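Okay, run_12.tsv is below, TSV, C-alpha atoms:
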chain	number	residue	atom	x	y	z
A	1	MET	CA	17.21	3.06	5.65
A	2	SER	CA	14.75	5.73	4.58
A	3	ILE	CA	12.96	5.10	1.34
A	4	LEU	CA	14.19	8.35	-0.22
A	5	LYS	CA	17.75	7.31	0.53
A	6	LYS	CA	17.08	3.94	-1.12
A	7	ILE	CA	15.71	5.64	-4.22
A	8	MET	CA	18.72	7.96	-4.29
A	9	THR	CA	21.17	5.08	-4.00
A	10	ALA	CA	19.41	3.19	-6.76
A	11	VAL	CA	19.44	6.23	-9.04
A	12	ARG	CA	23.14	6.79	-8.41
A	13	GLY	CA	24.00	3.12	-8.74
A	14	GLY	CA	23.63	2.85	-12.47
A	15	ALA	CA	19.91	3.10	-12.91
A	16	ARG	CA	20.52	6.27	-14.85
A	17	GLU	CA	19.20	4.96	-18.14
A	18	ILE	CA	15.72	6.28	-18.76
A	19	GLY	CA	13.28	3.47	-18.43
A	20	GLU	CA	15.41	1.42	-16.11
A	21	LEU	CA	13.31	1.06	-13.04
A	22	VAL	CA	14.68	2.19	-9.74
A	23	VAL	CA	12.40	-0.09	-7.86
A	24	ASP	CA	11.55	-3.35	-9.50
A	25	ALA	CA	7.99	-4.57	-9.50
A	26	ASN	CA	8.90	-7.34	-7.07
A	27	GLY	CA	10.05	-4.81	-4.47
A	28	THR	CA	6.76	-2.99	-4.75
A	29	ARG	CA	4.81	-6.21	-4.35
A	30	ILE	CA	6.74	-7.17	-1.22
A	31	PHE	CA	6.04	-3.74	0.14
A	32	GLU	CA	2.35	-4.00	-0.63
A	33	GLN	CA	2.30	-7.40	1.12
A	34	GLU	CA	3.88	-5.82	4.19
A	35	ILE	CA	1.17	-3.21	4.23
A	36	LYS	CA	-1.50	-5.85	3.87
A	37	ASP	CA	0.01	-7.84	6.76
A	38	ALA	CA	0.12	-4.74	8.92
A	39	GLN	CA	-3.51	-4.04	8.07
A	40	THR	CA	-4.52	-7.61	9.03
A	41	HIS	CA	-2.56	-7.21	12.24
A	42	LEU	CA	-4.34	-3.98	12.97
A	43	ASP	CA	-7.78	-5.44	12.28
A	44	ARG	CA	-7.11	-8.35	14.64
A	45	ALA	CA	-5.77	-6.07	17.35
A	46	LYS	CA	-8.85	-3.88	17.08
A	47	ARG	CA	-11.17	-6.88	17.32
A	48	ASP	CA	-9.28	-8.18	20.36
A	49	LEU	CA	-9.43	-4.76	21.91
A	50	THR	CA	-13.19	-4.58	21.50
A	51	GLU	CA	-13.57	-7.98	23.18
A	52	VAL	CA	-11.29	-7.10	26.04
A	53	ILE	CA	-13.04	-3.79	26.67
A	54	ALA	CA	-16.40	-5.62	26.71
A	55	LYS	CA	-15.08	-8.12	29.28
A	56	GLN	CA	-13.60	-5.30	31.33
A	57	MET	CA	-16.99	-3.61	31.44
A	58	GLN	CA	-18.66	-6.87	32.42
A	59	ALA	CA	-16.21	-7.38	35.28
A	60	GLY	CA	-16.81	-3.79	36.35
A	61	ARG	CA	-20.57	-4.32	36.45
A	62	GLN	CA	-20.17	-7.50	38.52
A	63	LEU	CA	-17.92	-5.61	40.93
A	64	GLU	CA	-20.58	-2.95	41.38
A	65	THR	CA	-23.24	-5.59	42.07
A	66	LEU	CA	-21.01	-7.30	44.63
A	67	LYS	CA	-20.27	-4.01	46.36
A	68	LYS	CA	-23.98	-3.25	46.63
A	69	ASP	CA	-24.72	-6.78	47.90
A	70	ILE	CA	-22.01	-6.51	50.54
A	71	ALA	CA	-23.32	-3.15	51.76
A	72	GLU	CA	-26.84	-4.56	51.88
A	73	HIS	CA	-25.76	-7.63	53.86
A	74	GLU	CA	-23.80	-5.49	56.29
A	75	GLY	CA	-27.09	-3.73	56.95
A	76	PHE	CA	-28.84	-7.05	57.46
A	77	ALA	CA	-26.15	-8.22	59.87
A	78	GLY	CA	-26.59	-4.99	61.85
A	79	GLN	CA	-30.33	-5.52	62.03
A	80	ALA	CA	-29.84	-9.15	63.25
A	81	LEU	CA	-27.52	-7.87	65.98
A	82	GLU	CA	-30.06	-5.23	67.00
A	83	LYS	CA	-32.64	-7.94	67.39
A	84	GLY	CA	-30.14	-9.98	69.50
A	85	ASN	CA	-29.95	-12.79	66.96
A	86	GLU	CA	-26.20	-13.41	67.19
A	87	ALA	CA	-26.36	-16.71	65.31
A	88	LEU	CA	-28.09	-15.14	62.26
A	89	ALA	CA	-25.65	-12.23	62.34
A	90	LEU	CA	-22.74	-14.65	62.19
A	91	GLU	CA	-24.32	-16.51	59.30
A	92	ILE	CA	-24.73	-13.22	57.41
A	93	ALA	CA	-21.15	-12.26	58.25
A	94	GLU	CA	-19.95	-15.53	56.74
A	95	LYS	CA	-21.86	-14.76	53.57
A	96	ILE	CA	-20.26	-11.28	53.52
A	97	ALA	CA	-16.80	-12.84	53.89
A	98	THR	CA	-17.47	-15.09	50.87
A	99	MET	CA	-18.69	-12.14	48.84
A	100	GLU	CA	-15.64	-10.12	49.80
A	101	GLN	CA	-13.40	-12.92	48.56
A	102	GLU	CA	-15.40	-12.96	45.34
A	103	GLN	CA	-15.01	-9.19	45.08
A	104	ALA	CA	-11.24	-9.46	45.45
A	105	ASP	CA	-11.13	-12.11	42.71
A	106	GLN	CA	-13.33	-10.03	40.45
A	107	GLN	CA	-11.16	-6.98	41.05
A	108	GLU	CA	-8.16	-8.94	39.92
A	109	VAL	CA	-9.95	-10.02	36.73
A	110	HIS	CA	-10.97	-6.43	36.12
A	111	ASN	CA	-7.41	-5.18	36.60
A	112	SER	CA	-6.04	-7.79	34.27
A	113	PHE	CA	-8.53	-6.80	31.55
A	114	SER	CA	-7.64	-3.14	32.04
A	115	GLN	CA	-3.96	-3.87	31.60
A	116	HIS	CA	-4.66	-5.99	28.57
A	117	ALA	CA	-6.78	-3.22	27.03
A	118	THR	CA	-4.05	-0.64	27.63
A	119	ARG	CA	-1.49	-2.90	25.95
A	120	LEU	CA	-3.76	-3.51	22.99
A	121	LYS	CA	-4.52	0.19	22.60
A	122	GLU	CA	-0.80	0.86	22.41
A	123	LEU	CA	-0.37	-1.89	19.86
A	124	VAL	CA	-3.18	-0.48	17.72
A	125	LYS	CA	-1.63	2.97	17.87
A	126	LYS	CA	1.78	1.63	16.94
A	127	THR	CA	0.44	-0.46	14.07
A	128	GLU	CA	-1.60	2.42	12.74
A	129	ARG	CA	1.46	4.64	12.73
A	130	GLN	CA	3.52	1.97	11.03
A	131	LEU	CA	0.83	1.45	8.43
A	132	LYS	CA	0.79	5.18	7.66
A	133	GLU	CA	4.56	5.13	7.35
A	134	TYR	CA	4.47	2.13	5.00
A	135	GLU	CA	1.81	3.78	2.88
A	136	ARG	CA	3.84	6.96	2.66
A	137	GLN	CA	6.88	4.99	1.55
A	138	LEU	CA	4.88	3.01	-0.96
A	139	THR	CA	3.58	6.25	-2.45
A	140	MET	CA	7.15	7.43	-2.97
A	141	VAL	CA	8.19	4.17	-4.56
A	142	LYS	CA	5.14	4.03	-6.78
A	143	THR	CA	5.54	7.65	-7.86
A	144	THR	CA	9.17	7.04	-8.77
A	145	GLU	CA	8.14	3.96	-10.68
A	146	SER	CA	5.32	5.77	-12.44
A	147	VAL	CA	7.49	8.73	-13.42
A	148	GLN	CA	10.14	6.45	-14.84
A	149	LYS	CA	7.61	4.42	-16.78
A	150	ALA	CA	5.94	7.57	-18.07
A	151	SER	CA	9.32	8.95	-19.02
A	152	ALA	CA	10.13	5.75	-20.90
A	153	ALA	CA	6.80	5.93	-22.74
A	154	ILE	CA	7.46	9.56	-23.74
A	155	THR	CA	10.97	8.75	-24.96
A	156	ASN	CA	9.71	5.72	-26.91
A	157	ASN	CA	7.01	7.84	-28.44
A	158	PHE	CA	9.55	10.36	-29.63
A	159	ALA	CA	11.73	7.57	-31.00
A	160	SER	CA	8.86	5.96	-32.91
A	161	SER	CA	7.43	9.16	-34.33
A	162	LYS	CA	9.51	11.26	-36.72
A	163	SER	CA	9.56	14.18	-34.32
A	164	LYS	CA	12.55	14.66	-32.09
A	165	ILE	CA	12.94	16.33	-28.75
A	166	LEU	CA	13.90	19.92	-29.46
A	167	SER	CA	16.76	21.47	-27.58
A	168	ALA	CA	15.72	24.01	-24.97
A	169	LYS	CA	17.29	26.85	-26.95
A	170	ASP	CA	15.53	25.86	-30.16
A	171	SER	CA	12.19	25.59	-28.37
A	172	LEU	CA	12.68	28.94	-26.76
A	173	GLU	CA	13.72	30.56	-30.03
A	174	ARG	CA	10.71	29.20	-31.87
A	175	ILE	CA	8.27	30.25	-29.17
A	176	LYS	CA	9.77	33.73	-28.96
A	177	GLN	CA	9.85	34.01	-32.75
A	178	ARG	CA	6.19	33.10	-32.91
A	179	GLN	CA	5.33	35.58	-30.18
A	180	GLN	CA	7.22	38.25	-32.14
A	181	ASP	CA	5.41	37.21	-35.34
A	182	THR	CA	2.06	37.54	-33.63
A	183	PHE	CA	3.06	40.90	-32.24
A	184	ASP	CA	4.29	42.12	-35.64
A	185	ARG	CA	1.15	40.86	-37.33
A	186	LEU	CA	-1.06	42.68	-34.86
A	187	ALA	CA	0.97	45.87	-35.26
A	188	ALA	CA	0.80	45.58	-39.05
A	189	ALA	CA	-2.92	45.03	-38.96
A	190	GLU	CA	-3.34	48.11	-36.81
A	191	THR	CA	-1.27	50.22	-39.18
A	192	LEU	CA	-3.19	48.89	-42.14
A	193	GLU	CA	-6.49	49.70	-40.53
A	194	GLU	CA	-5.33	53.20	-39.69
A	195	GLU	CA	-4.07	53.80	-43.20
A	196	SER	CA	-7.16	52.50	-44.91
A	197	SER	CA	-9.53	54.54	-42.81
A	198	ASP	CA	-10.44	58.11	-43.80
A	199	LYS	CA	-9.29	59.33	-40.46
A	200	GLY	CA	-5.71	58.37	-41.21
A	201	LEU	CA	-5.80	60.18	-44.54
A	202	GLN	CA	-7.44	63.29	-43.13
A	203	ASP	CA	-4.92	63.42	-40.34
A	204	LYS	CA	-2.11	63.28	-42.86
A	205	MET	CA	-3.70	65.94	-45.08
A	206	ARG	CA	-4.25	68.23	-42.18
A	207	GLU	CA	-0.65	67.78	-41.14
A	208	ALA	CA	0.38	68.72	-44.68
A	209	GLY	CA	-2.00	71.73	-44.65
A	210	ILE	CA	-4.12	70.30	-47.44
A	211	GLY	CA	-7.92	70.18	-47.59
A	212	GLU	CA	-10.41	71.38	-45.04
A	213	GLN	CA	-8.70	72.85	-42.04
A	214	ALA	CA	-10.02	72.72	-38.54
A	215	ASN	CA	-11.98	75.79	-37.49
A	216	SER	CA	-9.72	78.17	-35.73
A	217	ALA	CA	-10.69	81.56	-34.26
A	218	ASN	CA	-8.81	83.19	-37.10
A	219	SER	CA	-10.69	81.39	-39.84
A	220	VAL	CA	-14.01	82.18	-38.15
A	221	LEU	CA	-13.06	85.83	-38.00
A	222	GLU	CA	-12.03	85.78	-41.67
A	223	ARG	CA	-15.41	84.30	-42.57
A	224	ILE	CA	-17.33	86.95	-40.64
A	225	LYS	CA	-15.29	89.73	-42.19
A	226	ALA	CA	-15.92	88.32	-45.64
A	227	ALA	CA	-19.68	88.14	-45.01
A	228	LYS	CA	-19.82	91.77	-43.89
A	229	LYS	CA	-18.27	93.05	-47.10
B	1	MET	CA	-9.94	10.86	-12.42
B	2	ASP	CA	-7.75	8.67	-14.64
B	3	THR	CA	-6.01	9.53	-17.89
B	4	LYS	CA	-8.87	8.23	-20.03
B	5	ASP	CA	-11.39	10.55	-18.36
B	6	LEU	CA	-8.91	13.38	-18.69
B	7	ALA	CA	-8.24	12.71	-22.37
B	8	LEU	CA	-11.97	12.80	-23.04
B	9	LYS	CA	-12.40	16.05	-21.14
B	10	PHE	CA	-9.50	17.70	-22.92
B	11	SER	CA	-10.79	16.72	-26.35
B	12	GLU	CA	-14.29	17.91	-25.46
B	13	MET	CA	-13.07	21.21	-24.09
B	14	GLY	CA	-10.82	22.47	-26.88
B	15	GLU	CA	-10.23	25.85	-25.27
B	16	PHE	CA	-9.62	27.24	-21.78
B	17	LYS	CA	-9.29	30.95	-20.99
B	18	GLY	CA	-8.39	31.72	-24.58
B	19	TYR	CA	-5.82	28.94	-24.90
B	20	ASP	CA	-6.34	26.06	-27.29
B	21	PHE	CA	-5.44	22.65	-25.89
B	22	GLU	CA	-4.55	19.57	-27.82
B	23	CYS	CA	-4.46	16.18	-26.16
B	24	GLN	CA	-2.79	13.04	-27.37
B	25	PRO	CA	-2.50	9.85	-25.33
B	26	ILE	CA	0.89	8.15	-25.31
B	27	PRO	CA	0.87	4.37	-25.07
B	28	GLY	CA	3.11	2.61	-22.54
B	29	ASP	CA	3.20	0.85	-19.15
B	30	VAL	CA	1.80	3.97	-17.58
B	31	ASP	CA	-0.84	6.05	-19.33
B	32	VAL	CA	0.54	9.44	-20.24
B	33	LEU	CA	-1.23	12.31	-21.94
B	34	GLN	CA	0.66	14.75	-24.07
B	35	ILE	CA	-1.04	18.12	-23.82
B	36	THR	CA	0.06	20.91	-26.11
B	37	VAL	CA	-1.07	24.44	-25.43
B	38	GLU	CA	-1.44	26.89	-28.30
B	39	ASP	CA	1.67	29.08	-28.69
B	40	PHE	CA	3.69	26.64	-26.58
B	41	GLU	CA	3.71	23.74	-29.05
B	42	GLU	CA	7.46	23.22	-28.65
B	43	ILE	CA	7.08	22.51	-24.93
B	44	PRO	CA	4.41	19.85	-24.56
B	45	CYS	CA	3.18	18.98	-21.10
B	46	TYR	CA	3.01	15.34	-20.05
B	47	VAL	CA	0.31	14.33	-17.59
B	48	SER	CA	0.21	11.07	-15.65
B	49	VAL	CA	-2.04	10.03	-12.79
B	50	THR	CA	-0.88	8.00	-9.78
B	51	ASP	CA	-2.81	6.80	-6.70
B	52	THR	CA	-2.25	10.05	-4.87
B	53	GLN	CA	-1.45	12.78	-7.37
B	54	ILE	CA	-1.64	14.13	-10.88
B	55	LEU	CA	1.80	14.88	-12.26
B	56	CYS	CA	2.34	17.44	-15.00
B	57	ILE	CA	5.84	17.52	-16.48
B	58	THR	CA	7.59	19.52	-19.19
B	59	TYR	CA	11.05	18.70	-20.48
B	60	LEU	CA	13.43	21.63	-20.40
B	61	MET	CA	16.80	20.41	-21.61
B	62	GLY	CA	19.06	17.40	-21.77
B	63	GLU	CA	22.28	17.03	-19.83
B	64	ASP	CA	24.13	17.32	-23.15
B	65	GLU	CA	22.81	20.85	-23.62
B	66	VAL	CA	24.23	22.04	-20.32
B	67	ASN	CA	27.62	23.74	-20.19
B	68	PRO	CA	29.62	21.44	-17.91
B	69	GLU	CA	31.73	24.31	-16.62
B	70	THR	CA	28.82	26.16	-15.05
B	71	ARG	CA	26.64	23.14	-14.27
B	72	ALA	CA	26.90	23.48	-10.47
B	73	GLU	CA	26.08	27.16	-10.72
B	74	MET	CA	23.03	26.39	-12.85
B	75	MET	CA	21.77	23.86	-10.32
B	76	GLU	CA	22.13	26.34	-7.52
B	77	GLU	CA	20.18	28.82	-9.60
B	78	MET	CA	17.45	26.20	-10.05
B	79	LEU	CA	17.21	25.61	-6.31
B	80	GLU	CA	16.97	29.35	-5.74
B	81	LEU	CA	14.25	29.71	-8.36
B	82	ASN	CA	12.17	26.78	-7.11
B	83	ILE	CA	10.21	28.78	-4.53
B	84	PRO	CA	9.67	32.05	-6.40
B	85	MET	CA	8.39	30.19	-9.45
B	86	PRO	CA	4.65	29.78	-8.90
B	87	LEU	CA	3.22	26.22	-8.83
B	88	SER	CA	6.13	24.56	-10.65
B	89	SER	CA	9.39	23.01	-9.48
B	90	PHE	CA	12.60	21.91	-11.13
B	91	SER	CA	13.54	18.27	-11.21
B	92	LYS	CA	15.55	15.79	-13.21
B	93	ILE	CA	14.47	12.52	-14.78
B	94	GLY	CA	17.38	10.48	-16.04
B	95	GLU	CA	19.39	12.75	-18.31
B	96	ARG	CA	16.73	15.41	-18.70
B	97	TYR	CA	16.01	18.46	-16.62
B	98	VAL	CA	12.29	18.95	-16.17
B	99	LEU	CA	9.76	21.30	-14.67
B	100	PHE	CA	6.81	19.74	-12.90
B	101	GLY	CA	3.70	20.50	-10.96
B	102	ALA	CA	1.91	17.96	-8.76
B	103	LEU	CA	-1.81	18.23	-8.11
B	104	SER	CA	-3.97	16.39	-5.64
B	105	ILE	CA	-5.96	13.57	-7.19
B	106	ASN	CA	-9.07	15.47	-6.09
B	107	SER	CA	-8.24	18.60	-8.10
B	108	SER	CA	-10.84	20.00	-10.47
B	109	PHE	CA	-10.40	19.94	-14.22
B	110	ASP	CA	-10.11	23.74	-14.27
B	111	ASP	CA	-7.27	23.51	-11.74
B	112	MET	CA	-5.50	21.14	-14.09
B	113	CYS	CA	-5.91	23.40	-17.12
B	114	GLN	CA	-4.61	26.32	-15.07
B	115	GLU	CA	-1.68	24.20	-13.91
B	116	ILE	CA	-0.76	23.21	-17.47
B	117	ILE	CA	-0.85	26.78	-18.76
B	118	THR	CA	1.25	27.93	-15.79
B	119	LEU	CA	3.69	25.10	-16.39
B	120	CYS	CA	4.15	26.07	-20.05
B	121	GLU	CA	4.62	29.73	-19.19
B	122	ASN	CA	7.03	28.86	-16.38
B	123	SER	CA	8.99	26.61	-18.74
B	124	VAL	CA	9.60	29.49	-21.14
B	125	GLU	CA	10.56	31.68	-18.18
B	126	ALA	CA	12.87	29.00	-16.81
B	127	ILE	CA	14.69	28.35	-20.09
B	128	THR	CA	15.07	32.09	-20.60
B	129	ALA	CA	16.56	32.41	-17.11
B	130	LEU	CA	18.91	29.45	-17.55
B	131	GLU	CA	19.88	30.15	-21.17
B	132	GLU	CA	23.28	31.44	-20.16
B	133	PHE	CA	24.17	28.02	-18.74
B	134	LEU	CA	23.34	26.19	-21.97
B	135	LEU	CA	25.78	25.30	-24.71
Take the structure I supplied and represent it as structure tokens, if you would.
Amino acid sequence: MSILKKIMTAVRGGAREIGELVVDANGTRIFEQEIKDAQTHLDRAKRDLTEVIAKQMQAGRQLETLKKDIAEHEGFAGQALEKGNEALALEIAEKIATMEQEQADQQEVHNSFSQHATRLKELVKKTERQLKEYERQLTMVKTTESVQKASAAITNNFASSKSKILSAKDSLERIKQRQQDTFDRLAAAETLEEESSDKGLQDKMREAGIGEQANSANSVLERIKAAKK
Amino acid sequence: MDTKDLALKFSEMGEFKGYDFECQPIPGDVDVLQITVEDFEEIPCYVSVTDTQILCITYLMGEDEVNPETRAEMMEEMLELNIPMPLSSFSKIGERYVLFGALSINSSFDDMCQEIITLCENSVEAITALEEFLL
């Protein structure tokens, strides 16, 4: 069963009370042990793999040496034949036959190491994947656990302090009220500033036609006419 | 970064992008920080740190505040809103509907402050949007 499904089942099955843990600590510990085991398994497999690959390489090197030796001795046997020394050629041929047997044996060893290495590589890959999967699941379990514990702590804190959890509507109303208050205060301050400054007063007076009026073409003309008189 | 480091940073900082922060640790099995952002005092944000992530949660409303007749409709609305709402998602813990944001454990402190402010703003938005479903 997937871990999410397990968590869901646990939540549905009566673990609805805040603070009641969906996954008990024991479950988490077992899980962590499984991960540890898988890790040990993986470490061993990797060590084995290294050893097997080393042996495979060794066998490969020996094969190469044998091949070279055989080729060399075939040359020697040819030379003995050229010189008419049939007896020596036969002796060399016997040696070649032994070496060829050895080569066949060595090839078998090499093949067996190769197969072993392939199997181990697969095992390592599989274990690594499983480990990742376990870790992912553990994260989910631990997060669920942590959230529930945190939630319990928050609820307890509210219970122990005098404050209570506000309803969503009350919270919203208070926040909006405060935002409105701030807005109103800013608007009031702006008005006040405008009113207290000379500019505000002058504007008002001008609107009412009181006091010094702005220079218009007419008033300029009036002034010039008056000066000419 | 664990909750103790965070608590220290929050108390040292005081202000971020014009918002005042207040931090108060909550004792319990898991360390939780209660962060209140100026102007959003009614919706505190709770921060806890796990192995892989930093969780920031605000509580929206209790099941008892939800109109049972339109509950399914409200939940559908929540699912629809989950993606358009930046950085925060709806969830439910026990009997309470919550809004949460999860950050990587490697997030910077500024990222966290930004997350908390966003979460508070989103919470107000979310309650406003869902108000019609509340009793």
### Message
Counting only C-alpha atoms, which residues have an atom no more than 12 Å from (-7.3, 2.0, 25.1) in the file's coordinates? Please list them as an MDAnalysis selection string.
### Response
chainID A and resid 45:46 48:54 56 113:125
### Message
Using all atoms listed in the file and a distance of at most 6 Å, pull out the residues of chain B that contact chain A, as a PyMOL selection string.
### Response
chain B and resi 28+30+42+60-61+94
### Task
In Å, rounded to a single decimal, give me how far atom CA of Arg47 of chain A is from atom CA of Thr65 of chain A.
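Those two atoms sit 27.6 Å apart.
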### Message
Could you check the closest approach to Ile57 of chain B for each of B:Phe21, B:Phe109, B:Phe90, B:Phe16 and tell me which residue wins, using all atoms listed in the file?
### Response
B:Phe90
### Message
I want to know what sits within 12 Å of Ile117 of chain B, based on all atoms listed in the file, with residues of the same chain fewer than 5 positions away left out; could you give that as a PyMOL selection string?
### Response
chain B and resi 15-21+35-41+43-45+56-58+86-88+100-101+110-112+122-124
### Task
Quick one: pull the distance between atom CA of Ile93 of chain B and atom CA of Gly62 of chain B, Å, one decimal.
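Atom CA of Gly62 of chain B lies at a distance of 9.7 Å from atom CA of Ile93 of chain B.
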### Query
Using all atoms listed in the file, which of B:Leu103, B:Ala129, B:Tyr46, B:Asp29 sits nearest Ala7 of chain B?
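Between B:Leu103, B:Ala129, B:Tyr46, B:Asp29, the residue approaching Ala7 of chain B most closely is B:Tyr46.
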### Query
Do you have the atom CA of Ser89 of chain B-atom CA of Ala102 of chain B distance handy?
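Straight-line distance from atom CA of Ser89 of chain B to atom CA of Ala102 of chain B works out to 9.1 Å.
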### Message
Report as a list of chain:residue names all protein, DNA and RNA residues lying within 9 Å of Gln106 of chain A, evaluated on only C-alpha atoms, omitting residues in the same chain fewer than 6 positions from it.
### Response
A:Ala59, A:Gly60, A:Gln62, A:Leu63
### Task
Compile the contact shell of Phe31 of chain A as a count of residues only: residues with an atom at most 8 Å away, counting all atoms listed in the file, same-chain residues fewer than 3 positions apart removed.
6
#### Entry: Shell around Glu94 of chain A at 12 Å using all atoms listed in the file, local window under 5 positions removed, as a list in words
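My reading of the contact set: Ile70, His73, Glu74, Ala77, Ala87, Leu88, Ala89, Met99, Glu100 and Gln101 of chain A.
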